[in-house]
Structures are given as structure tokens and as C-alpha cells.
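Undergrad: Supplied in C-alpha cells, the structure appears directly below.
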Amino acid sequence: MSIAENLARLRERIEAAARRAGCRSDDVALMAVSKTFSAERIREAYAAGLRLFGENRVQEFAGKIDSLWDLHDAAWHLIGHLQTNKAAKAVELFAAVDSVDSLRLAQKLNTAAEQLGKKIKILIEINVGGEAAKSGVATDSRELDELLLAAPDLKQLEFHGLMTVPPLTEDPQQARPYFRRLRELRDKIATRRLAAVNMDVLSMGMSHDFEVAIEEGSTCVRVGTAIFGERPGK
């Protein structure tokens, strides 16, 4: 099926999940995860109406951006793990980094953004499953608290919320407790009314579990396979 056909079916599923959650489908942003897909496929998605795109690797996107420069109203987000030594390049290429997982990384992004005279939107990545192999800040950790309290000093960063990738499971329902945990953490942070910290975005849910994520309060779902099909090499 074409990307436009995939997108039409996907929007129907998002709308149904939003109804079950008691919200509007317009309240749920759809991010096309375009990692490993060519600039031509991204252009096809853009032509089908998508404007929000997520990339995993700085180097990969740097190789595609010259072919996408004219898509002026497209928003490019980095959603993969970012090493601190690539922070400056990430700030140059992206409008947002949705995978901030340490105060040190936030400081590097802030410095790079200051040098470019640019503001960068960020999400804090939370490791809700406590998985050693995954990046992300632990829930209720000292590092999370340090990051939140440092927000007023990181003047080039705009804190917008939280992101997570739950433990991979065959049954999407098994991801529900993790999505709920992230929503509860977001609510807890919001009640603290911290300076320079907004908690309006909950980025959670991918192709296999986005409906459950929406039911648990996701405001942004990151979908690749359900839009583009199987990734190259699979």
C-alpha cells in the first residue's frame, strides 16, 4: 500500500483510540519515524500531509537534509540516543531533541544552541522499565530532579515534557502499565510547578502499541512501519 493509504488507515485508528481515551484525535500528534528511509520516501510522506518527522541518528539525517531543504514547514526531531560529542551537530540539524537523558547532555545542547542563537525544544527521556540496555533517566531519580531544577539556567532549551520506549512485548496491552507510569510521573512533575518546565507533551507509543499509548494519555505517537512499511534490510 502507498504511504497515503497507510496514513488514512492509521488516522482512523488514532481517531478510534482517542475516542476511547475521551480526547480528540487533534490532541495527538503523529510523528513519522523516518530513520533508515530515503529522502524520496520522506517526500512521499510529506506529500501525504505529514509534517512531523523523527530521526534516530545525527549522521544519517545529516546525509539526507540536503535533499529535504525545501520542505520548509517540516519539523525534524531527534528521537534516538544522543552522545554529548554530537550535541552541537544535533542543534544545527534539528528543531527538537526528544531524548535528553542527562543534565550533562542538556548543558551541551544549551551551550551549542547559545552559540547558534537558537532555541531547542526538548523532552526528557524516561527509562520506565529500568532496562540496563536502554538510555533514559530513571523515574524519581536524583538525575531527573537535577535536570528539572536546572531548567531555568538552560535558557536556550524549552522543556516540553517526557518521552519513553517501554520494554518490547508481543502483546501491546503489556505496555499499558509503563505508559500509565509515565503519565503519572508527568502529572507528579506538573504539580511541582517548576520554573521553565512545561509538561504538555507525552511522547509514547509506536507502530505496535500506539493505540494503548493514546488510551493512557499519549500526546505524540512515533510511527514508522505503519506509515512507511518494513524498514530497508528487514
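Following the order of the C-alpha cells, first chain is A, next is B, and so on, with residues numbered from 1 inside each chain and ligands from 1 in the order they appear.
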Run DSSP on the backbone and grab whatever in segment 28-227 of chain A lands in alpha helix (DSSP H); send it over as an NGL selection string.
TA: :A and (39-47 or 58-62 or 87-93 or 103-116 or 142-150 or 176-191 or 210-215 or 225-227)
Undergrad: Within segment 5-117 of chain A, find each residue whose DSSP state, derived from the backbone, is strand (DSSP E or B), and express the selection as number ranges by chain.
TA: A: 29-33, 52-55, 75-78, 96-100
Undergrad: Would you mind exporting the chosen residues as a CSV table (one decimal), in the first residue's frame, restricted to C-alpha atoms?
TA:
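out_34.csv, written as the output of this step:
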chain,number,residue,atom,x,y,z
A,29,ALA,CA,0.5,14.5,17.2
A,30,LEU,CA,1.6,11.9,14.7
A,31,MET,CA,5.3,11.7,14.2
A,32,ALA,CA,6.6,9.8,11.2
A,33,VAL,CA,9.7,7.9,12.2
A,52,LEU,CA,6.5,16.0,11.9
A,53,PHE,CA,9.4,13.6,11.5
A,54,GLY,CA,11.6,11.7,13.9
A,55,GLU,CA,15.2,10.6,13.1
A,75,ALA,CA,9.7,19.7,11.8
A,76,TRP,CA,12.7,17.5,12.4
A,77,HIS,CA,13.1,15.9,15.8
A,78,LEU,CA,16.0,13.7,17.1
A,96,ALA,CA,14.0,19.4,18.9
A,97,VAL,CA,15.7,16.7,20.8
A,98,ASP,CA,13.2,14.3,22.3
A,99,SER,CA,15.8,12.0,24.0
A,100,VAL,CA,17.6,14.1,26.6
Undergrad: I'd like the contact shell of Ile65 of chain A - 12 Å cut-off, only C-alpha atoms, skipping same-chain residues fewer than 5 positions apart - returned as a list in words.
TA: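 Listed by chain and then number, they are Ser38, Ala39, Glu40, Ile42, Arg43, Glu55, Val58, Gln59, Glu60, Asp70, Leu71, His72, Ala74, Ala75, Trp76, Glu92, Leu93 and Phe94 of chain A.
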Undergrad: Find the residue from A:Val137, A:Ile120, A:Ile3, A:Ala132 that sits nearest to Phe159 of chain A; use only C-alpha atoms when measuring.
TA: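 For Phe159 of chain A, the nearest of the given residues is A:Ile120.
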Undergrad: List the spatial neighbours of Ile189 of chain A as a list in words - criterion: any atom at most 10 Å away, only C-alpha atoms, same-chain residues fewer than 4 positions off excluded.
TA: Asp140, Asp145, Leu148, Gly161, Arg183, Glu184, Leu185, Arg193, Leu194, Val197, Asn198 and Met199 of chain A
Undergrad: Please identify every residue of segment 76-191 of chain A that has at least one atom no farther than 9 Å from an atom of segment 200-223 of chain A, counting only C-alpha atoms, and for each give the shortest atom pair and the distance in Å to one decimal, arranged by chain then increasing number, as a Markdown table.
TA:
| residue | atom | partner | partner_atom | distance |
| --- | --- | --- | --- | --- |
| A:Asp98 | CA | A:Ser203 | CA | 8.3 |
| A:Leu123 | CA | A:Val201 | CA | 7.9 |
| A:His160 | CA | A:Val201 | CA | 5.8 |
| A:Gly161 | CA | A:Val201 | CA | 4.6 |
| A:Leu162 | CA | A:Leu202 | CA | 5.2 |
| A:Met163 | CA | A:Ser203 | CA | 4.5 |
| A:Thr164 | CA | A:Met204 | CA | 5.6 |
| A:Val165 | CA | A:Met204 | CA | 6.7 |
| A:Pro166 | CA | A:Met204 | CA | 8.4 |
| A:Glu170 | CA | A:His208 | CA | 8.7 |
| A:Asp171 | CA | A:Asp209 | CA | 8.3 |
| A:Pro172 | CA | A:Asp209 | CA | 4.9 |
| A:Gln173 | CA | A:Val212 | CA | 6.6 |
| A:Ala175 | CA | A:Asp209 | CA | 7.4 |
| A:Arg176 | CA | A:Val212 | CA | 6.3 |
| A:Pro177 | CA | A:Glu216 | CA | 8.9 |
| A:Phe179 | CA | A:Ala213 | CA | 6.0 |
| A:Arg180 | CA | A:Glu216 | CA | 5.7 |
| A:Leu182 | CA | A:Leu202 | CA | 7.9 |
| A:Arg183 | CA | A:Gly217 | CA | 6.6 |
| A:Arg186 | CA | A:Leu202 | CA | 7.7 |
| A:Ala190 | CA | A:Asp200 | CA | 8.8 |
Undergrad: Go ahead and dump the residues you just picked, N, CA and C atoms, as a tab-separated table (two decimals), in the first residue's frame.
TA:
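Heads up, here's the output in part34.tsv:
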chain	number	residue	atom	x	y	z
A	98	ASP	N	14.23	14.92	21.49
A	98	ASP	CA	13.22	14.28	22.34
A	98	ASP	C	13.81	13.19	23.22
A	123	LEU	N	12.51	17.02	25.14
A	123	LEU	CA	11.77	16.13	26.02
A	123	LEU	C	12.80	15.36	26.83
A	160	HIS	N	9.47	20.56	27.31
A	160	HIS	CA	8.07	20.38	26.90
A	160	HIS	C	7.42	19.12	27.43
A	161	GLY	N	8.18	18.20	28.04
A	161	GLY	CA	7.53	17.00	28.55
A	161	GLY	C	8.45	15.80	28.60
A	162	LEU	N	7.86	14.62	28.45
A	162	LEU	CA	8.58	13.36	28.65
A	162	LEU	C	8.40	12.44	27.45
A	163	MET	N	9.39	11.56	27.27
A	163	MET	CA	9.34	10.54	26.23
A	163	MET	C	9.77	9.21	26.82
A	164	THR	N	9.23	8.12	26.30
A	164	THR	CA	9.70	6.81	26.74
A	164	THR	C	9.57	5.77	25.64
A	165	VAL	N	10.38	4.73	25.77
A	165	VAL	CA	10.26	3.50	24.98
A	165	VAL	C	10.12	2.37	25.99
A	166	PRO	N	8.94	1.78	26.12
A	166	PRO	CA	8.76	0.73	27.13
A	166	PRO	C	9.43	-0.57	26.71
A	170	GLU	N	5.23	-8.71	23.03
A	170	GLU	CA	4.40	-9.17	21.91
A	170	GLU	C	3.00	-8.57	21.99
A	171	ASP	N	2.47	-8.50	23.20
A	171	ASP	CA	1.11	-8.00	23.42
A	171	ASP	C	1.17	-6.52	23.78
A	172	PRO	N	0.58	-5.65	22.97
A	172	PRO	CA	0.60	-4.21	23.27
A	172	PRO	C	0.02	-3.88	24.64
A	173	GLN	N	-0.90	-4.70	25.12
A	173	GLN	CA	-1.51	-4.43	26.42
A	173	GLN	C	-0.49	-4.50	27.55
A	175	ALA	N	2.29	-3.20	27.54
A	175	ALA	CA	2.97	-1.90	27.64
A	175	ALA	C	2.16	-0.89	28.44
A	176	ARG	N	0.88	-1.22	28.67
A	176	ARG	CA	-0.01	-0.25	29.32
A	176	ARG	C	0.51	0.24	30.68
A	177	PRO	N	0.99	-0.64	31.58
A	177	PRO	CA	1.47	-0.15	32.88
A	177	PRO	C	2.63	0.84	32.75
A	179	PHE	N	3.16	2.92	30.12
A	179	PHE	CA	2.61	4.18	29.65
A	179	PHE	C	1.90	4.92	30.79
A	180	ARG	N	1.20	4.16	31.60
A	180	ARG	CA	0.50	4.77	32.74
A	180	ARG	C	1.49	5.37	33.73
A	182	LEU	N	4.42	6.59	33.04
A	182	LEU	CA	4.96	7.85	32.51
A	182	LEU	C	3.95	8.99	32.69
A	183	ARG	N	2.69	8.69	32.43
A	183	ARG	CA	1.66	9.73	32.61
A	183	ARG	C	1.60	10.17	34.07
A	186	ARG	N	4.53	12.38	34.76
A	186	ARG	CA	4.28	13.71	34.18
A	186	ARG	C	3.37	14.54	35.08
A	190	ALA	N	4.23	17.99	37.01
A	190	ALA	CA	3.42	19.17	36.72
A	190	ALA	C	2.92	19.84	38.00
Undergrad: For Ser141 of chain A, which residue out of A:Leu109, A:Ser102, A:Lys121, A:Lys155 is the nearest one, using only C-alpha atoms?
TA: A:Ser102
Undergrad: Work out how far atom CA of Leu149 of chain A is from atom CA of Lys86 of chain A, in Å to one decimal.
TA: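 These atoms are spaced 24.0 Å apart.
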Undergrad: Suppose you want the space between atom CA of Cys23 of chain A and atom CA of Arg11 of chain A; what is it in Å?
TA: 14.2 Å
Undergrad: Just checking: using only C-alpha atoms, which residue out of A:Gln156, A:Thr225, A:Ser2, A:Ser25 ends up closest to Lys119 of chain A?
TA: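 Smallest distance to Lys119 of chain A is found for A:Gln156.
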Undergrad: Under the rule that only C-alpha atoms are counted, which of A:Tyr178, A:Phe61, A:Asp153, A:Glu146 is the nearest residue to Val128 of chain A?
TA: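 Of all the options, A:Tyr178 lies closest to Val128 of chain A.
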Undergrad: Would you mind reading off the distance between atom CA of Asn110 of chain A and atom CA of Glu131 of chain A, one decimal, in Å?
TA: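 We find that atom CA of Asn110 of chain A and atom CA of Glu131 of chain A lie 27.5 Å from each other.
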